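A.B. asks: What follows is a structure written as structure tokens; I'll ask about it next.
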Amino acid sequence: MPISVTSVSVVVPNLNGAHLLPACLDALRRQTYRSFETVVVDDGSTDQSLILLSERYPEVHVVAHPSRRGVARSFNDGIRATASPIVVLLNNDTEAEPTWLEELCRPLAEDPTVDCCASKLLLFDRRNILHSAGDFFGRDGMPGSRGVWQEDRGQFDDALEPFGPCGAAAAYRRSLLDRLGLFDESLGSYCEDVDLSFRARLAGSRCRFVPSARVYHKLSATGGGTTASYYVGRNVLWVLARDLPTPLLQKYWPRILGRQLSISLEALRHWREPAARARLRGQFDGLRNLAQPLRRRAEVQATRQISIAALDACLS
């Protein structure tokens with residue numbers, strides 16, 4: 001792959017992942033592409049993560065948070081600790097195939113119009129089942145993973161331009177991050193990659209899905225449950241409030257409202273379940289604090305370089 005310099009920095013966020021890191025970092029040691037550095041950003045772990053990293057992975061640069069600050073902050077601190085032209089994000093609950101990094105970064109080396117790349121994510125324990133073939137963003141205001149839970153039959157291998165990459169295994173040009181700014185730390189965890197993808201689309205950037213860049217994901221091994229339900233409930237609303245242009249908001253608000261009401265009603269039907277109550281709290285807090293994302297709406301919309309029609313065509 002014709003990228004030189006220590007051309008790639010792989011940033012791995014970690015929270016109490018001592019039981020997960022060996023599979024992730026050993027897979028990075030097996031990569032066919034070697035001109036990269038690994039940065040683990042530890043988000044205030046209380047397990048043996050830091051000891052493990054010190055004793056078994058001396059080649060890894062560690063950025064240690066004294067307390068928990070969220071995934072977006074971990075991504076950003078990892079990016080700030082590096083200077084390479086390509087930044088790759090990788091969850092700690094993954095195992096990448098040996099050619100993953102080489103394949104993932106190849107489009108960035110060969111096509112200057114591509115600014116970010118999405119891996120093919122498959123389930124760790126059922127390696128023929130997709131978790132993500134890149135992300136989509138629906139006209140009902142909901143983001144999601146293409147192909148999630150489907151058997152991988154190559155059905156997305158020719159659909160090479162998703163809305164954006166899933167941040168669990170994604171590559172970005174640093175120049176894109178310099179133009180857009182980094183991840184929105186107010187989101188904390190969940191949807192921070194969706195927000196960045198939306199801002200990239202507004203700026204006219206393109207994403208490439210790389211089906212040969214395969215990663216196996218222990219889905220929700222480091223998150224999920226009530227935490228995920230709360231932050232997804234809140235952050236989807238915040239992404240819409242800041243990123244969706246007014247003409248598309250006016251066009252699709254009935255679908256968006258209908259989907260949010262449907263989610264709320266479904267959560268009410270399952271009120272006894274903690275995740276359902278967390279989702280409702282997230283929606284409530286998202287609406288109650290909409291002023292926070294709206295303060296940056298004008299700034300984000302001013303970066304738009306794509307026509308409304310072209311952006312609409314990117315939605316699902």
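By order in the structure tokens, chains are A, B, ...; within a chain, residues start at 1; ligands start at 1, following the order shown.
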Excluding A:Leu249 and residues on its chain fewer than 4 positions from it, collect all residues at most 10 Å away from it, counting only C-alpha atoms, and give them as a list of chain:residue names.

C.D. replies: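 Using only C-alpha atoms, the neighbours found are A:Arg139, A:Asp140, A:Gly141, A:Leu240, A:Ala241, A:Asp243, A:Leu244, A:Pro245, A:Trp253, A:Pro254, A:Arg255, A:Ile256.
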
A.B. asks: Filtering to N, CA and C atoms, could you give me those residues as an mmCIF file, in the first residue's frame?

C.D. replies:
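To be explicit, this is the file written out as part37.cif:
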```
data_model
loop_
_atom_site.group_PDB
_atom_site.id
_atom_site.type_symbol
_atom_site.label_atom_id
_atom_site.label_comp_id
_atom_site.auth_asym_id
_atom_site.auth_seq_id
_atom_site.Cartn_x
_atom_site.Cartn_y
_atom_site.Cartn_z
ATOM 1 N N ARG A 139 -34.537 8.721 6.464
ATOM 2 C CA ARG A 139 -35.363 9.929 6.331
ATOM 3 C C ARG A 139 -36.358 10.053 7.478
ATOM 4 N N ASP A 140 -36.421 9.029 8.328
ATOM 5 C CA ASP A 140 -37.211 9.130 9.556
ATOM 6 C C ASP A 140 -36.357 9.622 10.721
ATOM 7 N N GLY A 141 -35.123 10.038 10.419
ATOM 8 C CA GLY A 141 -34.257 10.609 11.442
ATOM 9 C C GLY A 141 -33.463 9.608 12.242
ATOM 10 N N LEU A 240 -30.033 15.423 15.004
ATOM 11 C CA LEU A 240 -31.032 16.020 14.117
ATOM 12 C C LEU A 240 -31.102 17.528 14.305
ATOM 13 N N ALA A 241 -31.094 17.966 15.558
ATOM 14 C CA ALA A 241 -31.235 19.398 15.846
ATOM 15 C C ALA A 241 -30.087 20.198 15.283
ATOM 16 N N ASP A 243 -27.617 18.958 12.831
ATOM 17 C CA ASP A 243 -27.040 18.593 11.545
ATOM 18 C C ASP A 243 -28.011 18.571 10.372
ATOM 19 N N LEU A 244 -29.281 18.275 10.604
ATOM 20 C CA LEU A 244 -30.213 18.134 9.478
ATOM 21 C C LEU A 244 -30.607 19.510 8.946
ATOM 22 N N PRO A 245 -30.328 19.808 7.667
ATOM 23 C CA PRO A 245 -30.669 21.124 7.119
ATOM 24 C C PRO A 245 -32.165 21.402 7.172
ATOM 25 N N TRP A 253 -40.248 16.079 8.670
ATOM 26 C CA TRP A 253 -40.609 16.119 10.086
ATOM 27 C C TRP A 253 -41.757 15.161 10.437
ATOM 28 N N PRO A 254 -42.743 14.916 9.538
ATOM 29 C CA PRO A 254 -43.776 13.935 9.949
ATOM 30 C C PRO A 254 -43.196 12.534 10.173
ATOM 31 N N ARG A 255 -42.268 12.123 9.317
ATOM 32 C CA ARG A 255 -41.636 10.806 9.502
ATOM 33 C C ARG A 255 -40.805 10.777 10.786
ATOM 34 N N ILE A 256 -40.079 11.866 11.014
ATOM 35 C CA ILE A 256 -39.215 11.922 12.203
ATOM 36 C C ILE A 256 -40.059 11.874 13.468
#
```

A.B. asks: Considering only C-alpha atoms, tabulate each residue of stretch 141-203 of chain A that lies at most 7 Å from stretch 56-80 of chain A along with its nearest interatomic pair and the corresponding distance in Å to one decimal; arrange the rows by chain and ascending residue number and present them as CSV.

C.D. replies:
```
residue,atom,partner,partner_atom,distance
A:Leu182,CA,A:Asn76,CA,6.2
A:Phe183,CA,A:Ala72,CA,5.5
A:Asp184,CA,A:Ala72,CA,6.4
A:Glu185,CA,A:Ala72,CA,5.1
A:Gly188,CA,A:Gly70,CA,4.8
A:Ser189,CA,A:Val71,CA,4.9
A:Glu192,CA,A:Ala72,CA,6.3
```

A.B. asks: What's the 9 Å shell around A:Ser7, counting only C-alpha atoms, without same-chain residues fewer than 6 positions away, as a ChimeraX atom specification?

C.D. replies: /A:35-37,83-87

A.B. asks: Kindly export the residues of the current selection with N, CA and C atoms, as a tab-separated table (two decimals), in the first residue's frame.

C.D. replies:
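In the end it all went to selection.tsv:
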```tsv
chain	number	residue	atom	x	y	z
A	35	SER	N	3.35	0.05	8.86
A	35	SER	CA	3.72	1.44	9.15
A	35	SER	C	2.61	2.15	9.92
A	36	PHE	N	2.37	1.65	11.14
A	36	PHE	CA	1.33	2.28	11.95
A	36	PHE	C	1.75	2.25	13.41
A	37	GLU	N	1.12	3.12	14.19
A	37	GLU	CA	1.28	3.14	15.63
A	37	GLU	C	-0.06	2.86	16.27
A	83	ALA	N	0.00	12.33	14.95
A	83	ALA	CA	0.20	13.32	13.89
A	83	ALA	C	0.13	12.71	12.50
A	84	SER	N	-0.26	11.47	12.39
A	84	SER	CA	-0.24	10.78	11.10
A	84	SER	C	-1.37	11.30	10.21
A	85	PRO	N	-1.22	11.16	8.89
A	85	PRO	CA	-2.24	11.66	7.97
A	85	PRO	C	-3.52	10.83	7.95
A	86	ILE	N	-3.47	9.61	8.47
A	86	ILE	CA	-4.66	8.76	8.54
A	86	ILE	C	-4.86	8.32	9.98
A	87	VAL	N	-6.08	8.48	10.47
A	87	VAL	CA	-6.45	8.05	11.82
A	87	VAL	C	-7.48	6.94	11.70
```

A.B. asks: Rank A:Cys207, A:Ala168, A:Leu25, A:Val215 by their smallest atom-to-atom distance to A:Ala96, using only C-alpha atoms, and report the top residue only.

C.D. replies: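 Of the candidates, the smallest distance to A:Ala96 is held by A:Val215.
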
A.B. asks: Using only C-alpha atoms, which residues sit within 7 Å of stretch 97-113 of chain A once same-chain residues fewer than 2 positions away are excluded, as JSON, numbers by chain?

C.D. replies: {"A": [1, 2, 3, 27, 30, 31, 32, 33, 95, 115, 117, 119, 171, 206, 210, 212, 213, 214, 215]}

A.B. asks: Would you output that residue set with C-alpha atoms, as a PDB file, in the first residue's frame?

C.D. replies:
```pdb
ATOM      1  CA  MET A   1       0.000   0.000   0.000  1.00  0.00           C
ATOM      2  CA  PRO A   2       1.682   3.225  -1.116  1.00  0.00           C
ATOM      3  CA  ILE A   3       1.265   5.223   2.081  1.00  0.00           C
ATOM      4  CA  ALA A  27      -4.606  -8.952  15.957  1.00  0.00           C
ATOM      5  CA  ARG A  30      -0.461  -9.631  13.007  1.00  0.00           C
ATOM      6  CA  GLN A  31      -1.296  -6.902  10.497  1.00  0.00           C
ATOM      7  CA  THR A  32       0.339  -7.197   7.083  1.00  0.00           C
ATOM      8  CA  TYR A  33       0.673  -3.410   6.908  1.00  0.00           C
ATOM      9  CA  GLU A  95     -10.432  -8.839  16.324  1.00  0.00           C
ATOM     10  CA  ASP A 115     -12.104  11.011   3.112  1.00  0.00           C
ATOM     11  CA  CYS A 117     -13.565   4.335   5.049  1.00  0.00           C
ATOM     12  CA  SER A 119     -14.891  -1.748   7.614  1.00  0.00           C
ATOM     13  CA  ALA A 171     -10.455   5.243   8.941  1.00  0.00           C
ATOM     14  CA  ARG A 206     -17.308  10.841   0.568  1.00  0.00           C
ATOM     15  CA  VAL A 210     -14.295  -1.659   2.096  1.00  0.00           C
ATOM     16  CA  SER A 212     -12.286  -6.786   2.233  1.00  0.00           C
ATOM     17  CA  ALA A 213     -11.457  -4.972   5.526  1.00  0.00           C
ATOM     18  CA  ARG A 214     -13.002  -7.472   7.909  1.00  0.00           C
ATOM     19  CA  VAL A 215     -13.304  -7.113  11.681  1.00  0.00           C
TER      20      VAL A 215
END
```

A.B. asks: Excluding A:Ala118 and residues on its chain fewer than 6 positions from it, collect all residues at most 6 Å away from it, counting only C-alpha atoms, and give them as a PyMOL selection string.

C.D. replies: chain A and resi 134+165+170+209-210

A.B. asks: Save the residues we just selected, C-alpha atoms, as a JSON list (two decimals), in the first residue's frame?

C.D. replies:
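Full text of part.json as output:
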```json
[["chain", "number", "residue", "atom", "x", "y", "z"],
["A", 134, "GLY", "CA", -21.24, 0.99, 6.94],
["A", 165, "PRO", "CA", -18.51, 4.49, 8.75],
["A", 170, "ALA", "CA", -13.19, 3.27, 10.69],
["A", 209, "PHE", "CA", -17.17, 0.84, 2.29],
["A", 210, "VAL", "CA", -14.30, -1.66, 2.10]]
```

A.B. asks: Could you check the closest approach to A:Val39 for each of A:Leu187, A:Ala81, A:Leu237, A:Val232 and tell me which residue wins, using only C-alpha atoms?

C.D. replies: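 Distance minimum relative to A:Val39 lands on A:Ala81.
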
A.B. asks: Which parts of stretch 27-258 of chain A does DSSP call alpha helix (DSSP H) when run on the backbone here, written out as an MDAnalysis selection string?

C.D. replies: chainID A and resid 27:29 49:56 71:80 100:110 174:180 192:202 225:243 246:258

A.B. asks: Take the residues that were just selected and, keeping C-alpha atoms, output them as a short mmCIF file (atom, residue, chain, number, x, y, z; two decimals), in the first residue's frame.

C.D. replies:
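What ended up in result29.cif:
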```cif
data_model
loop_
_atom_site.label_atom_id
_atom_site.label_comp_id
_atom_site.auth_asym_id
_atom_site.auth_seq_id
_atom_site.Cartn_x
_atom_site.Cartn_y
_atom_site.Cartn_z
CA ALA A 27 -4.61 -8.95 15.96
CA LEU A 28 -2.92 -5.59 15.38
CA ARG A 29 0.46 -7.25 15.85
CA SER A 49 -5.97 -2.72 31.85
CA LEU A 50 -3.04 -0.38 32.50
CA ILE A 51 -0.92 -3.13 34.04
CA LEU A 52 -1.68 -5.41 31.08
CA LEU A 53 -0.69 -2.72 28.60
CA SER A 54 2.54 -1.95 30.42
CA GLU A 55 3.62 -5.57 30.80
CA ARG A 56 2.45 -7.19 27.55
CA VAL A 71 -15.96 7.63 24.05
CA ALA A 72 -15.96 10.91 22.12
CA ARG A 73 -13.34 12.38 24.47
CA SER A 74 -11.29 9.18 24.23
CA PHE A 75 -11.35 9.32 20.44
CA ASN A 76 -10.35 12.98 20.49
CA ASP A 77 -7.51 12.55 22.96
CA GLY A 78 -6.16 9.67 20.90
CA ILE A 79 -6.32 11.76 17.73
CA ARG A 80 -4.62 14.70 19.45
CA TRP A 100 -7.68 -5.39 7.62
CA LEU A 101 -5.59 -2.25 8.02
CA GLU A 102 -3.99 -2.56 4.60
CA GLU A 103 -7.35 -3.00 2.91
CA LEU A 104 -9.14 -0.32 4.95
CA CYS A 105 -6.62 2.39 4.16
CA ARG A 106 -6.07 1.51 0.51
CA PRO A 107 -8.90 3.72 -0.86
CA LEU A 108 -7.45 6.72 1.00
CA ALA A 109 -4.11 6.10 -0.72
CA GLU A 110 -5.60 5.57 -4.16
CA ARG A 174 -6.65 13.83 9.35
CA SER A 175 -7.29 16.66 6.91
CA LEU A 176 -11.02 15.88 7.17
CA LEU A 177 -10.87 16.01 10.96
CA ASP A 178 -8.91 19.27 10.79
CA ARG A 179 -11.64 20.79 8.61
CA LEU A 180 -14.62 19.49 10.56
CA GLU A 192 -20.70 10.53 18.06
CA ASP A 193 -19.66 8.75 14.84
CA VAL A 194 -23.06 9.47 13.26
CA ASP A 195 -22.68 13.16 14.03
CA LEU A 196 -19.21 13.25 12.48
CA SER A 197 -20.48 11.41 9.39
CA PHE A 198 -23.32 13.92 9.01
CA ARG A 199 -20.95 16.86 9.28
CA ALA A 200 -18.65 15.19 6.74
CA ARG A 201 -21.56 14.74 4.33
CA LEU A 202 -22.57 18.38 4.75
CA GLY A 225 -27.96 -1.89 28.17
CA THR A 226 -29.40 1.14 29.90
CA THR A 227 -26.40 3.36 29.10
CA ALA A 228 -26.73 2.81 25.38
CA SER A 229 -30.51 3.20 25.48
CA TYR A 230 -30.29 6.53 27.27
CA TYR A 231 -27.59 8.07 25.09
CA VAL A 232 -29.10 6.87 21.80
CA GLY A 233 -32.48 8.26 22.88
CA ARG A 234 -30.91 11.64 23.63
CA ASN A 235 -28.19 11.89 21.00
CA VAL A 236 -30.31 11.04 17.97
CA LEU A 237 -32.38 14.15 18.75
CA TRP A 238 -29.27 16.26 19.22
CA VAL A 239 -27.79 15.12 15.90
CA LEU A 240 -31.03 16.02 14.12
CA ALA A 241 -31.24 19.40 15.85
CA ARG A 242 -27.74 20.39 14.80
CA ASP A 243 -27.04 18.59 11.55
CA THR A 246 -33.90 23.07 7.43
CA PRO A 247 -35.33 22.06 4.00
CA LEU A 248 -34.98 18.37 4.88
CA LEU A 249 -36.32 18.94 8.39
CA GLN A 250 -39.38 20.62 6.86
CA LYS A 251 -39.75 17.80 4.34
CA TYR A 252 -39.38 14.87 6.70
CA TRP A 253 -40.61 16.12 10.09
CA PRO A 254 -43.78 13.94 9.95
CA ARG A 255 -41.64 10.81 9.50
CA ILE A 256 -39.22 11.92 12.20
CA LEU A 257 -41.98 12.72 14.68
CA GLY A 258 -43.78 9.48 13.90
#
```

A.B. asks: So, counting only C-alpha atoms, which residue among A:Thr46, A:Ser316, A:Thr303, A:Thr38 is closest to A:Met142?

C.D. replies: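 Residue with the minimum atom-to-atom distance to A:Met142: A:Ser316.
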
A.B. asks: Report, in Å to a single decimal, how far apart atom CA of A:Gly44 and atom CA of A:Leu15 are.

C.D. replies: 6.6 Å

A.B. asks: Which is closer to A:Gln150 than all the others in A:Cys166, A:Cys116, A:Leu280, A:Leu121, using only C-alpha atoms?

C.D. replies: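 Comparing A:Cys166, A:Cys116, A:Leu280, A:Leu121 against A:Gln150, the winner is A:Leu121.
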
A.B. asks: Applying 6 Å and only C-alpha atoms, which residues near A:Ile129 remain after dropping the ones on its own chain fewer than 6 positions away? List them as a JSON list (two decimals) with C-alpha atoms, in the first residue's frame.

C.D. replies:
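Output (part-v7.json):
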```
[["chain", "number", "residue", "atom", "x", "y", "z"],
["A", 122, "LEU", "CA", -19.14, -9.20, 11.60],
["A", 123, "LEU", "CA", -20.18, -10.80, 14.86],
["A", 149, "TRP", "CA", -28.06, -9.25, 11.82],
["A", 150, "GLN", "CA", -28.09, -10.42, 8.18],
["A", 151, "GLU", "CA", -26.05, -13.34, 6.94],
["A", 152, "ASP", "CA", -23.14, -11.98, 4.93]]
```

A.B. asks: Pick out the closest residue to A:Arg208 from this set: A:Lys120, A:Arg272, A:Arg126, A:His131. Count only C-alpha atoms.

C.D. replies: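 The closest residue to A:Arg208 is A:Lys120.
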
A.B. asks: In Å to one decimal, how far is atom CA of A:Ala313 from atom CA of A:Leu89?

C.D. replies: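 Atom CA of A:Ala313 lies 27.0 Å from atom CA of A:Leu89.
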